[in-house]
Amino acid sequence: MNSRNRSGLLLGPGVLILVLSAGAVLAQAVAQPLPPGSPLLGRPDTEEAKRLAPIAPPPIPTAADKLPLDKLKAPKDFKIEVFMANVANARQMSVGERGTVFVGSRLVGKVHAVVTRDGKRELKLIASGLHRPNGVAVHDGALYIAELSRISRIDHIEDQLDAPPAPTLVYDDLPKDEAHGWKFIGFGPDGKLYVPVGQPCNNCLPPPTHGQIRRLNVDASGVEVVARGVRNSVGFDWHPVTKELYFTDNGRDWLSEDVPEDKLNRVTKTGEHFGVPYCYQGNIADPEFGWGHSCSEFTPPVALMGPHSASLGMRFYTGSMFPSEYKNAIFVARHGSWNRTKKVGGDIVVVKLNPDGSVHSVEPFITGFIQDNNYVGRPVDVVFLKDGSMLISDDFNGAIYRVSYSAGAGTAH
Amino acid sequence: MLRAPIRGLLALALIGLASRSLGAPPIEERLGACLACHGAGGQSANPKVPSLGGQHAPYLVIQLFLFREKLRQAVPMNDNTKDLGDAELQKIADLLATMPAPKALSDPADPARIARARRLVTSNRCDVCHGADLSGRDTIPRIAAQREDYLAQTLHAYKSNARPGYDASMAEVLQPVSDADIDDLAYFLARAR
């Protein structure tokens, strides 16, 4: 495994030993037990750490002329532009057969669509008043919307963008926990709908209904668990050649500044266990739940994605616009950390694979969402348009950016 | 002591007046309606109606937005916000934030209950986000000296998911807190200075 995160941190055995002893000291220092669901579990009692709390994005989108376009950096010959502003709290995206871009939200209850007609882009409201409709996926002409505990659908969506009907229920046999309850969804090469159910806590022993990715048929039959030991996956996609499922997973909070790192996982056997909450990042036994377990019991990650970096939406690149080095590589949106003094993430990284599906490298692609340890934007998801260009959603600004490539175009912002 | 904030409030109201769209009720008229229930001095005398003085504008904008979008349910507030634009939400929040913070209850408090609640504040790390003096910051609300009945109602509603909150963090931290402990927290916070 050759994995390196953006800050250049390389994880070796020495680091691991230090971390384990720090974890033991930390466990002793916490005098009063925190409730099992608390995101503050394991928070050290220091002034620096006390300033760390989840960062809520504003509900009102940033005006188009105030978007941080001049702060974002791309490789040579790539260009970044604003694709659409005023998409409040833009989260997961999915592209319809006719090019409509559907966009979910986590905090504002809305699903939007960006429609291009006669070369003109328009923003349309598809649904509102929903409960955390983070997930959207288009399949066989229908738009699937994943709320906290309910998946619903609007058939023939691209025929009725001006007056979409209310979505109809597909599946709601899902827990109602708010913690890690919002969902990224997708359809596999098997035509099944894949639905994650996160851990209802920072770090706890989950009931058998949680901490997994499951799949089901579009009529909600044949529900089957595909991956266990998953803490909170908010992004996945299938390898274009091997058809194997790859997914990102967010590591736990409050263990330390530098570990555990978020993960990129690969499913090679249906139902295999990826370690949470017993083992994090493939080689750290959890100080609380790791006793009696060894990390060797669980499937290790194929790449480490940075500590607390919030690696979320990810897709394989199969387009023809970008240079050939990006063919079948994975682009990952790192939303950025909150549980770390010096923020990491806030970028798009590209994961290049070896022919056997293992990871060759993790490299920065679009950077600049963190300025002076503050967010000027937070990327959530990436999708590709038919022309091969990339879209990036930003839930902090409520915006979607487009990244295109043109040989000889020069250095872009 | 009240003069400076009120002067600021008037100045902001005038800015609001200058930029308001034609035909809509002036922003200071809107604010008058807010204060009729929430208290003209920033301190509410109405049961289960929160004091808004010194509350942080980013938090207030979020709540006004949730009311407008009916993502947080409260009949008068859903009605009162339904025709407000984003800029008006921001102006109202900015004006309310300049009002003086409410004063803590000064009745003879039950020391055992206060001590119990202080332990809960520490063990549940309320002070980590809301601050050592529980005055909040940015999107995290001031909870010190808030009305006890409103605090208890709100915390119970977070726990039961009746009020999911903006980003679910309060629902998460309150799951394991007992109803009796929630009442102790509200008792203490209303008296926290």
# chains A, B, ... in the order shown; residues from 1 in each chain; ligands from 1
>>> closest_atom_pairs(of="chain B", to="chain A", cutoff="6 Å", atoms="only C-alpha atoms", output="JSON lines")
{"residue": "B:Ser123", "atom": "CA", "partner": "A:Leu34", "partner_atom": "CA", "distance": 5.9}
{"residue": "B:Val128", "atom": "CA", "partner": "A:Lys50", "partner_atom": "CA", "distance": 5.2}
{"residue": "B:Ala168", "atom": "CA", "partner": "A:Glu178", "partner_atom": "CA", "distance": 5.5}
{"residue": "B:Glu172", "atom": "CA", "partner": "A:Ala179", "partner_atom": "CA", "distance": 5.6}
{"residue": "B:Val173", "atom": "CA", "partner": "A:Ser38", "partner_atom": "CA", "distance": 4.7}
{"residue": "B:Pro176", "atom": "CA", "partner": "A:Pro35", "partner_atom": "CA", "distance": 5.6}
>>> write_last_selection(atoms="all heavy atoms", output="short mmCIF file (atom, residue, chain, number, x, y, z; two decimals), in the first residue's frame")
data_model
loop_
_atom_site.label_atom_id
_atom_site.label_comp_id
_atom_site.auth_asym_id
_atom_site.auth_seq_id
_atom_site.Cartn_x
_atom_site.Cartn_y
_atom_site.Cartn_z
N SER B 123 -19.93 16.67 32.02
CA SER B 123 -19.84 15.31 31.48
C SER B 123 -20.41 15.23 30.07
O SER B 123 -19.97 14.42 29.27
CB SER B 123 -20.54 14.31 32.40
OG SER B 123 -21.92 14.60 32.48
N VAL B 128 -18.16 22.95 25.96
CA VAL B 128 -17.13 22.92 24.91
C VAL B 128 -17.59 23.70 23.67
O VAL B 128 -16.83 24.45 23.09
CB VAL B 128 -16.76 21.46 24.58
CG1 VAL B 128 -15.82 21.42 23.40
CG2 VAL B 128 -16.12 20.80 25.77
N ALA B 168 -28.37 18.23 13.40
CA ALA B 168 -28.53 16.96 14.12
C ALA B 168 -27.57 16.79 15.30
O ALA B 168 -27.63 15.77 15.98
CB ALA B 168 -28.39 15.77 13.18
N GLU B 172 -28.08 14.17 18.61
CA GLU B 172 -27.07 13.15 18.88
C GLU B 172 -26.62 13.18 20.33
O GLU B 172 -26.61 12.16 21.01
CB GLU B 172 -25.89 13.35 17.93
CG GLU B 172 -24.83 12.27 18.05
CD GLU B 172 -23.70 12.46 17.05
OE1 GLU B 172 -23.91 13.08 16.00
OE2 GLU B 172 -22.60 11.99 17.35
N VAL B 173 -26.25 14.38 20.83
CA VAL B 173 -25.68 14.42 22.18
C VAL B 173 -26.73 14.16 23.26
O VAL B 173 -26.40 13.73 24.36
CB VAL B 173 -24.92 15.73 22.48
CG1 VAL B 173 -23.73 15.90 21.57
CG2 VAL B 173 -25.82 16.94 22.40
N PRO B 176 -28.61 9.96 25.10
CA PRO B 176 -28.46 9.22 26.36
C PRO B 176 -28.76 10.03 27.62
O PRO B 176 -28.63 9.50 28.71
CB PRO B 176 -26.98 8.81 26.33
CG PRO B 176 -26.35 9.58 25.21
CD PRO B 176 -27.33 10.49 24.64
#
>>> residues_around(residues="Ala113 of chain A", least_positions_apart="2", cutoff="9 Å", atoms="only C-alpha atoms", output="PDB file with N, CA and C atoms, in the first residue's frame")
ATOM      1  N   VAL A  87     -27.521  27.155  -5.214  1.00  0.00           N
ATOM      2  CA  VAL A  87     -28.024  25.803  -4.952  1.00  0.00           C
ATOM      3  C   VAL A  87     -27.760  25.549  -3.461  1.00  0.00           C
ATOM      4  N   THR A 100     -29.581  16.634 -17.230  1.00  0.00           N
ATOM      5  CA  THR A 100     -30.036  17.374 -16.056  1.00  0.00           C
ATOM      6  C   THR A 100     -29.197  16.958 -14.854  1.00  0.00           C
ATOM      7  N   VAL A 101     -28.771  17.952 -14.072  1.00  0.00           N
ATOM      8  CA  VAL A 101     -27.976  17.656 -12.878  1.00  0.00           C
ATOM      9  C   VAL A 101     -28.878  17.806 -11.650  1.00  0.00           C
ATOM     10  N   PHE A 102     -29.109  16.699 -10.935  1.00  0.00           N
ATOM     11  CA  PHE A 102     -29.929  16.721  -9.726  1.00  0.00           C
ATOM     12  C   PHE A 102     -29.015  16.877  -8.513  1.00  0.00           C
ATOM     13  N   VAL A 103     -29.491  17.658  -7.528  1.00  0.00           N
ATOM     14  CA  VAL A 103     -28.646  18.003  -6.387  1.00  0.00           C
ATOM     15  C   VAL A 103     -29.450  17.877  -5.091  1.00  0.00           C
ATOM     16  N   GLY A 104     -28.970  17.063  -4.165  1.00  0.00           N
ATOM     17  CA  GLY A 104     -29.616  16.935  -2.857  1.00  0.00           C
ATOM     18  C   GLY A 104     -29.076  17.972  -1.887  1.00  0.00           C
ATOM     19  N   VAL A 111     -34.429  19.464  -2.934  1.00  0.00           N
ATOM     20  CA  VAL A 111     -33.718  18.853  -4.057  1.00  0.00           C
ATOM     21  C   VAL A 111     -33.855  19.798  -5.242  1.00  0.00           C
ATOM     22  N   VAL A 115     -30.927  22.579 -15.161  1.00  0.00           N
ATOM     23  CA  VAL A 115     -31.373  22.174 -16.481  1.00  0.00           C
ATOM     24  C   VAL A 115     -30.712  23.070 -17.523  1.00  0.00           C
ATOM     25  N   GLU A 122     -30.581  26.754 -16.094  1.00  0.00           N
ATOM     26  CA  GLU A 122     -31.636  27.201 -15.184  1.00  0.00           C
ATOM     27  C   GLU A 122     -31.644  26.330 -13.953  1.00  0.00           C
ATOM     28  N   LEU A 123     -31.957  26.932 -12.797  1.00  0.00           N
ATOM     29  CA  LEU A 123     -32.083  26.170 -11.556  1.00  0.00           C
ATOM     30  C   LEU A 123     -33.561  25.940 -11.261  1.00  0.00           C
ATOM     31  N   LYS A 124     -33.921  24.687 -11.021  1.00  0.00           N
ATOM     32  CA  LYS A 124     -35.322  24.370 -10.712  1.00  0.00           C
ATOM     33  C   LYS A 124     -35.414  23.666  -9.369  1.00  0.00           C
ATOM     34  N   LEU A 125     -36.496  23.969  -8.647  1.00  0.00           N
ATOM     35  CA  LEU A 125     -36.753  23.282  -7.383  1.00  0.00           C
ATOM     36  C   LEU A 125     -37.575  22.029  -7.694  1.00  0.00           C
ATOM     37  N   ILE A 126     -37.057  20.867  -7.307  1.00  0.00           N
ATOM     38  CA  ILE A 126     -37.752  19.599  -7.585  1.00  0.00           C
ATOM     39  C   ILE A 126     -38.619  19.178  -6.412  1.00  0.00           C
ATOM     40  N   LEU A 161     -39.823  18.306 -15.444  1.00  0.00           N
ATOM     41  CA  LEU A 161     -38.987  19.165 -14.605  1.00  0.00           C
ATOM     42  C   LEU A 161     -39.689  20.463 -14.215  1.00  0.00           C
TER      43      LEU A 161
END
>>> select_by_dssp(residues="segment 214-398 of chain A", states="helix (DSSP H, G or I)", output="ChimeraX atom specification")
/A:295-297,324-326
>>> closest_residue(among="B:Asp181, B:Pro76, B:Ala104, B:Leu89", to="Pro58 of chain B", atoms="only C-alpha atoms")
B:Leu89
>>> closest_atom_pairs(of="segment 58-121 of chain A", to="segment 388-411 of chain A", cutoff="7 Å", atoms="only C-alpha atoms", output="JSON lines")
{"residue": "A:Pro58", "atom": "CA", "partner": "A:Phe396", "partner_atom": "CA", "distance": 6.6}
{"residue": "A:Pro61", "atom": "CA", "partner": "A:Gly398", "partner_atom": "CA", "distance": 4.6}
{"residue": "A:Thr62", "atom": "CA", "partner": "A:Asn397", "partner_atom": "CA", "distance": 5.0}
{"residue": "A:Pro75", "atom": "CA", "partner": "A:Thr411", "partner_atom": "CA", "distance": 6.8}
{"residue": "A:Lys76", "atom": "CA", "partner": "A:Thr411", "partner_atom": "CA", "distance": 4.4}
{"residue": "A:Asp77", "atom": "CA", "partner": "A:Gly410", "partner_atom": "CA", "distance": 4.6}
{"residue": "A:Phe78", "atom": "CA", "partner": "A:Tyr405", "partner_atom": "CA", "distance": 4.5}
{"residue": "A:Lys79", "atom": "CA", "partner": "A:Ser404", "partner_atom": "CA", "distance": 5.3}
{"residue": "A:Ile80", "atom": "CA", "partner": "A:Val403", "partner_atom": "CA", "distance": 4.6}
{"residue": "A:Glu81", "atom": "CA", "partner": "A:Arg402", "partner_atom": "CA", "distance": 5.4}
{"residue": "A:Val82", "atom": "CA", "partner": "A:Tyr401", "partner_atom": "CA", "distance": 4.5}
{"residue": "A:Phe83", "atom": "CA", "partner": "A:Tyr401", "partner_atom": "CA", "distance": 4.8}
{"residue": "A:Met84", "atom": "CA", "partner": "A:Ile400", "partner_atom": "CA", "distance": 5.2}
{"residue": "A:Ala85", "atom": "CA", "partner": "A:Ala399", "partner_atom": "CA", "distance": 4.5}
{"residue": "A:Asn86", "atom": "CA", "partner": "A:Gly398", "partner_atom": "CA", "distance": 5.6}
{"residue": "A:Val87", "atom": "CA", "partner": "A:Gly398", "partner_atom": "CA", "distance": 4.6}
{"residue": "A:Ala88", "atom": "CA", "partner": "A:Gly398", "partner_atom": "CA", "distance": 4.1}
{"residue": "A:Asn89", "atom": "CA", "partner": "A:Asp395", "partner_atom": "CA", "distance": 4.0}
{"residue": "A:Ala90", "atom": "CA", "partner": "A:Asp395", "partner_atom": "CA", "distance": 4.5}
{"residue": "A:Arg91", "atom": "CA", "partner": "A:Asp395", "partner_atom": "CA", "distance": 5.8}
>>> write_last_selection(atoms="N, CA, C and O atoms", output="PDB file, in the first residue's frame")
ATOM      1  N   PRO A  58     -23.849  27.957   6.428  1.00  0.00           N
ATOM      2  CA  PRO A  58     -25.010  28.851   6.440  1.00  0.00           C
ATOM      3  C   PRO A  58     -26.124  28.323   5.534  1.00  0.00           C
ATOM      4  O   PRO A  58     -25.839  27.679   4.525  1.00  0.00           O
ATOM      5  N   PRO A  61     -27.341  30.585   0.416  1.00  0.00           N
ATOM      6  CA  PRO A  61     -26.199  30.417  -0.479  1.00  0.00           C
ATOM      7  C   PRO A  61     -25.433  31.724  -0.713  1.00  0.00           C
ATOM      8  O   PRO A  61     -25.979  32.813  -0.571  1.00  0.00           O
ATOM      9  N   THR A  62     -24.166  31.570  -1.067  1.00  0.00           N
ATOM     10  CA  THR A  62     -23.303  32.713  -1.365  1.00  0.00           C
ATOM     11  C   THR A  62     -23.648  33.258  -2.754  1.00  0.00           C
ATOM     12  O   THR A  62     -23.844  32.485  -3.696  1.00  0.00           O
ATOM     13  N   PRO A  75      -4.635  21.687 -11.659  1.00  0.00           N
ATOM     14  CA  PRO A  75      -3.414  21.421 -12.427  1.00  0.00           C
ATOM     15  C   PRO A  75      -3.420  22.202 -13.744  1.00  0.00           C
ATOM     16  O   PRO A  75      -4.460  22.705 -14.198  1.00  0.00           O
ATOM     17  N   LYS A  76      -2.251  22.269 -14.361  1.00  0.00           N
ATOM     18  CA  LYS A  76      -2.065  22.986 -15.624  1.00  0.00           C
ATOM     19  C   LYS A  76      -3.065  22.511 -16.685  1.00  0.00           C
ATOM     20  O   LYS A  76      -3.349  21.318 -16.780  1.00  0.00           O
ATOM     21  N   ASP A  77      -3.587  23.462 -17.422  1.00  0.00           N
ATOM     22  CA  ASP A  77      -4.516  23.215 -18.532  1.00  0.00           C
ATOM     23  C   ASP A  77      -5.937  22.842 -18.083  1.00  0.00           C
ATOM     24  O   ASP A  77      -6.789  22.531 -18.910  1.00  0.00           O
ATOM     25  N   PHE A  78      -6.185  22.854 -16.745  1.00  0.00           N
ATOM     26  CA  PHE A  78      -7.555  22.670 -16.251  1.00  0.00           C
ATOM     27  C   PHE A  78      -8.130  24.031 -15.877  1.00  0.00           C
ATOM     28  O   PHE A  78      -7.405  24.904 -15.389  1.00  0.00           O
ATOM     29  N   LYS A  79      -9.422  24.197 -16.104  1.00  0.00           N
ATOM     30  CA  LYS A  79     -10.083  25.467 -15.829  1.00  0.00           C
ATOM     31  C   LYS A  79     -11.268  25.214 -14.886  1.00  0.00           C
ATOM     32  O   LYS A  79     -12.012  24.243 -15.069  1.00  0.00           O
ATOM     33  N   ILE A  80     -11.446  26.109 -13.898  1.00  0.00           N
ATOM     34  CA  ILE A  80     -12.590  25.999 -12.977  1.00  0.00           C
ATOM     35  C   ILE A  80     -13.511  27.184 -13.192  1.00  0.00           C
ATOM     36  O   ILE A  80     -13.048  28.326 -13.256  1.00  0.00           O
ATOM     37  N   GLU A  81     -14.798  26.923 -13.319  1.00  0.00           N
ATOM     38  CA  GLU A  81     -15.772  28.004 -13.446  1.00  0.00           C
ATOM     39  C   GLU A  81     -16.980  27.678 -12.570  1.00  0.00           C
ATOM     40  O   GLU A  81     -17.126  26.546 -12.105  1.00  0.00           O
ATOM     41  N   VAL A  82     -17.840  28.675 -12.370  1.00  0.00           N
ATOM     42  CA  VAL A  82     -19.078  28.433 -11.630  1.00  0.00           C
ATOM     43  C   VAL A  82     -20.085  27.820 -12.596  1.00  0.00           C
ATOM     44  O   VAL A  82     -20.378  28.394 -13.638  1.00  0.00           O
ATOM     45  N   PHE A  83     -20.593  26.641 -12.263  1.00  0.00           N
ATOM     46  CA  PHE A  83     -21.609  25.988 -13.091  1.00  0.00           C
ATOM     47  C   PHE A  83     -22.992  26.500 -12.703  1.00  0.00           C
ATOM     48  O   PHE A  83     -23.806  26.831 -13.540  1.00  0.00           O
ATOM     49  N   MET A  84     -23.247  26.602 -11.377  1.00  0.00           N
ATOM     50  CA  MET A  84     -24.509  27.160 -10.900  1.00  0.00           C
ATOM     51  C   MET A  84     -24.341  27.637  -9.460  1.00  0.00           C
ATOM     52  O   MET A  84     -23.794  26.912  -8.630  1.00  0.00           O
ATOM     53  N   ALA A  85     -24.787  28.866  -9.195  1.00  0.00           N
ATOM     54  CA  ALA A  85     -24.817  29.398  -7.827  1.00  0.00           C
ATOM     55  C   ALA A  85     -26.235  29.254  -7.275  1.00  0.00           C
ATOM     56  O   ALA A  85     -27.145  28.835  -7.997  1.00  0.00           O
ATOM     57  N   ASN A  86     -26.410  29.588  -6.009  1.00  0.00           N
ATOM     58  CA  ASN A  86     -27.735  29.568  -5.358  1.00  0.00           C
ATOM     59  C   ASN A  86     -28.365  28.191  -5.247  1.00  0.00           C
ATOM     60  O   ASN A  86     -29.575  28.066  -5.209  1.00  0.00           O
ATOM     61  N   VAL A  87     -27.521  27.155  -5.214  1.00  0.00           N
ATOM     62  CA  VAL A  87     -28.024  25.803  -4.952  1.00  0.00           C
ATOM     63  C   VAL A  87     -27.760  25.549  -3.461  1.00  0.00           C
ATOM     64  O   VAL A  87     -26.733  24.976  -3.092  1.00  0.00           O
ATOM     65  N   ALA A  88     -28.700  26.009  -2.619  1.00  0.00           N
ATOM     66  CA  ALA A  88     -28.455  26.019  -1.170  1.00  0.00           C
ATOM     67  C   ALA A  88     -28.011  24.656  -0.668  1.00  0.00           C
ATOM     68  O   ALA A  88     -28.642  23.643  -0.967  1.00  0.00           O
ATOM     69  N   ASN A  89     -26.877  24.651   0.075  1.00  0.00           N
ATOM     70  CA  ASN A  89     -26.385  23.444   0.754  1.00  0.00           C
ATOM     71  C   ASN A  89     -26.229  22.246  -0.203  1.00  0.00           C
ATOM     72  O   ASN A  89     -26.580  21.114   0.131  1.00  0.00           O
ATOM     73  N   ALA A  90     -25.679  22.489  -1.384  1.00  0.00           N
ATOM     74  CA  ALA A  90     -25.560  21.453  -2.417  1.00  0.00           C
ATOM     75  C   ALA A  90     -24.751  20.244  -1.921  1.00  0.00           C
ATOM     76  O   ALA A  90     -23.620  20.399  -1.472  1.00  0.00           O
ATOM     77  N   ARG A  91     -25.321  19.060  -2.020  1.00  0.00           N
ATOM     78  CA  ARG A  91     -24.659  17.845  -1.513  1.00  0.00           C
ATOM     79  C   ARG A  91     -24.473  16.835  -2.657  1.00  0.00           C
ATOM     80  O   ARG A  91     -23.788  17.137  -3.621  1.00  0.00           O
TER      81      ARG A  91
END
>>> atom_distance(atom1="atom CA of Trp291 of chain A", atom2="atom CA of Leu264 of chain A")
24.4 Å
>>> residues_around(residues="Ala117 of chain B", least_positions_apart="4", cutoff="10 Å", atoms="only C-alpha atoms", output="JSON list (two decimals) with N, CA, C and O atoms, in the first residue's frame")
[["chain", "number", "residue", "atom", "x", "y", "z"],
["B", 111, "PRO", "N", -29.19, 24.33, 45.86],
["B", 111, "PRO", "CA", -27.76, 24.11, 45.58],
["B", 111, "PRO", "C", -27.44, 22.69, 45.10],
["B", 111, "PRO", "O", -26.55, 22.51, 44.27],
["B", 112, "ALA", "N", -28.18, 21.71, 45.60],
["B", 112, "ALA", "CA", -27.91, 20.32, 45.19],
["B", 112, "ALA", "C", -28.24, 20.15, 43.70],
["B", 112, "ALA", "O", -27.50, 19.50, 42.95],
["B", 113, "ARG", "N", -29.33, 20.75, 43.28],
["B", 113, "ARG", "CA", -29.73, 20.65, 41.87],
["B", 113, "ARG", "C", -28.74, 21.36, 40.96],
["B", 113, "ARG", "O", -28.40, 20.88, 39.89],
["B", 121, "VAL", "N", -23.26, 19.42, 32.79],
["B", 121, "VAL", "CA", -22.68, 20.33, 31.78],
["B", 121, "VAL", "C", -21.27, 19.85, 31.42],
["B", 121, "VAL", "O", -20.89, 19.81, 30.25],
["B", 122, "THR", "N", -20.51, 19.43, 32.44],
["B", 122, "THR", "CA", -19.15, 18.97, 32.19],
["B", 122, "THR", "C", -19.15, 17.61, 31.50],
["B", 122, "THR", "O", -18.47, 17.42, 30.49],
["B", 123, "SER", "N", -19.93, 16.67, 32.02],
["B", 123, "SER", "CA", -19.84, 15.31, 31.48],
["B", 123, "SER", "C", -20.41, 15.23, 30.07],
["B", 123, "SER", "O", -19.97, 14.42, 29.27],
["B", 181, "ASP", "N", -32.52, 14.56, 33.99],
["B", 181, "ASP", "CA", -31.28, 15.33, 33.83],
["B", 181, "ASP", "C", -31.52, 16.55, 32.94],
["B", 181, "ASP", "O", -30.94, 17.63, 33.17],
["B", 182, "ILE", "N", -32.35, 16.39, 31.92],
["B", 182, "ILE", "CA", -32.68, 17.53, 31.06],
["B", 182, "ILE", "C", -33.34, 18.64, 31.89],
["B", 182, "ILE", "O", -33.00, 19.83, 31.76],
["B", 183, "ASP", "N", -34.25, 18.27, 32.77],
["B", 183, "ASP", "CA", -34.92, 19.28, 33.60],
["B", 183, "ASP", "C", -33.93, 19.98, 34.54],
["B", 183, "ASP", "O", -34.03, 21.19, 34.77],
["B", 184, "ASP", "N", -32.97, 19.21, 35.04],
["B", 184, "ASP", "CA", -31.93, 19.83, 35.89],
["B", 184, "ASP", "C", -31.07, 20.80, 35.09],
["B", 184, "ASP", "O", -30.70, 21.88, 35.58],
["B", 185, "LEU", "N", -30.74, 20.42, 33.86],
["B", 185, "LEU", "CA", -29.95, 21.31, 33.00],
["B", 185, "LEU", "C", -30.69, 22.62, 32.76],
["B", 185, "LEU", "O", -30.11, 23.71, 32.85],
["B", 186, "ALA", "N", -31.97, 22.53, 32.44],
["B", 186, "ALA", "CA", -32.77, 23.73, 32.17],
["B", 186, "ALA", "C", -32.83, 24.61, 33.42],
["B", 186, "ALA", "O", -32.71, 25.84, 33.34],
["B", 187, "TYR", "N", -33.00, 23.97, 34.58],
["B", 187, "TYR", "CA", -33.05, 24.70, 35.87],
["B", 187, "TYR", "C", -31.77, 25.49, 36.08],
["B", 187, "TYR", "O", -31.79, 26.67, 36.42],
["B", 188, "PHE", "N", -30.64, 24.82, 35.84],
["B", 188, "PHE", "CA", -29.34, 25.47, 36.04],
["B", 188, "PHE", "C", -29.10, 26.58, 35.01],
["B", 188, "PHE", "O", -28.70, 27.69, 35.35],
["B", 189, "LEU", "N", -29.36, 26.29, 33.74],
["B", 189, "LEU", "CA", -29.04, 27.27, 32.68],
["B", 189, "LEU", "C", -29.82, 28.57, 32.87],
["B", 189, "LEU", "O", -29.29, 29.66, 32.63]]
>>> select_by_dssp(residues="segment 275-382 of chain A", states="strand (DSSP E or B)", output="ChimeraX atom specification")
/A:279-280,284-285,303-307,311-316,330-334,347-353,359-367,370-371,374-375,379-382
>>> closest_atom_pairs(of="segment 348-392 of chain A", to="segment 298-312 of chain A", cutoff="10 Å", atoms="only C-alpha atoms", output="tab-separated table")
residue	atom	partner	partner_atom	distance
A:Ile348	CA	A:Ser311	CA	9.2
A:Val349	CA	A:Met305	CA	9.1
A:Val351	CA	A:Ala303	CA	8.6
A:Leu353	CA	A:Val302	CA	9.7
A:Gly357	CA	A:Val302	CA	8.9
A:Ser358	CA	A:Val302	CA	6.3
A:Val359	CA	A:Val302	CA	6.1
A:His360	CA	A:Ala303	CA	9.2
A:Ser361	CA	A:Ala303	CA	8.5
A:Val362	CA	A:Ala303	CA	7.9
A:Pro379	CA	A:Leu312	CA	8.5
A:Val380	CA	A:Leu312	CA	6.0
A:Asp381	CA	A:Leu312	CA	6.6
A:Val382	CA	A:Leu312	CA	9.3
>>> residues_around(residues="Arg191 of chain B", least_positions_apart="3", cutoff="9 Å", atoms="only C-alpha atoms", output="PyMOL selection string")
chain B and resi 103-107+109+114+144-146+148+186-188
>>> write_last_selection(atoms="N, CA and C atoms", output="short mmCIF file (atom, residue, chain, number, x, y, z; two decimals), in the first residue's frame")
data_model
loop_
_atom_site.label_atom_id
_atom_site.label_comp_id
_atom_site.auth_asym_id
_atom_site.auth_seq_id
_atom_site.Cartn_x
_atom_site.Cartn_y
_atom_site.Cartn_z
N LYS B 103 -31.23 38.43 31.62
CA LYS B 103 -30.62 38.30 32.96
C LYS B 103 -31.04 36.97 33.58
N ALA B 104 -30.11 36.36 34.28
CA ALA B 104 -30.38 35.07 34.92
C ALA B 104 -31.38 35.22 36.05
N LEU B 105 -32.15 34.17 36.32
CA LEU B 105 -33.05 34.16 37.47
C LEU B 105 -32.22 34.30 38.75
N SER B 106 -32.73 35.06 39.71
CA SER B 106 -31.95 35.28 40.92
C SER B 106 -32.70 34.77 42.16
N ASP B 107 -33.64 33.84 41.96
CA ASP B 107 -34.35 33.27 43.10
C ASP B 107 -33.40 32.39 43.92
N ALA B 109 -31.75 29.45 44.66
CA ALA B 109 -31.70 28.20 43.91
C ALA B 109 -31.38 27.03 44.83
N ILE B 114 -28.29 22.53 41.42
CA ILE B 114 -27.30 23.29 40.65
C ILE B 114 -26.01 22.48 40.52
N ALA B 144 -27.16 30.52 28.40
CA ALA B 144 -27.17 31.05 29.76
C ALA B 144 -28.32 32.03 29.91
N ALA B 145 -29.06 31.93 31.01
CA ALA B 145 -30.14 32.86 31.36
C ALA B 145 -31.33 32.81 30.39
N GLN B 146 -31.40 31.77 29.62
CA GLN B 146 -32.59 31.57 28.79
C GLN B 146 -33.74 31.15 29.71
N GLU B 148 -36.33 28.97 31.59
CA GLU B 148 -36.24 27.56 31.97
C GLU B 148 -37.26 26.70 31.22
N ALA B 186 -31.97 22.53 32.44
CA ALA B 186 -32.77 23.73 32.17
C ALA B 186 -32.83 24.61 33.42
N TYR B 187 -33.00 23.97 34.58
CA TYR B 187 -33.05 24.70 35.87
C TYR B 187 -31.77 25.49 36.08
N PHE B 188 -30.64 24.82 35.84
CA PHE B 188 -29.34 25.47 36.04
C PHE B 188 -29.10 26.58 35.01
#
>>> closest_residue(among="A:Pro196, A:Gly251, A:Gly336, A:Pro167", to="Leu148 of chain A", atoms="only C-alpha atoms")
A:Pro196
>>> residues_around(residues="segment 265-273 of chain A", least_positions_apart="6", cutoff="6 Å", atoms="only C-alpha atoms", output="ChimeraX atom specification")
/A:225-229,245-247,298,301-302
>>> closest_atom_pairs(of="segment 80-122 of chain B", to="segment 69-75 of chain B", cutoff="12 Å", atoms="only C-alpha atoms", output="Markdown table")
| residue | atom | partner | partner_atom | distance |
| --- | --- | --- | --- | --- |
| B:Asn80 | CA | B:Val75 | CA | 8.6 |
| B:Thr81 | CA | B:Glu69 | CA | 8.7 |
| B:Lys82 | CA | B:Glu69 | CA | 7.6 |
| B:Asp83 | CA | B:Glu69 | CA | 10.4 |
| B:Leu84 | CA | B:Glu69 | CA | 10.6 |
| B:Gly85 | CA | B:Glu69 | CA | 11.3 |
| B:Asp86 | CA | B:Glu69 | CA | 11.4 |
>>> residues_around(residues="Val350 of chain A", least_positions_apart="3", cutoff="8 Å", atoms="only C-alpha atoms", output="PyMOL selection string")
chain A and resi 329-332+362-365
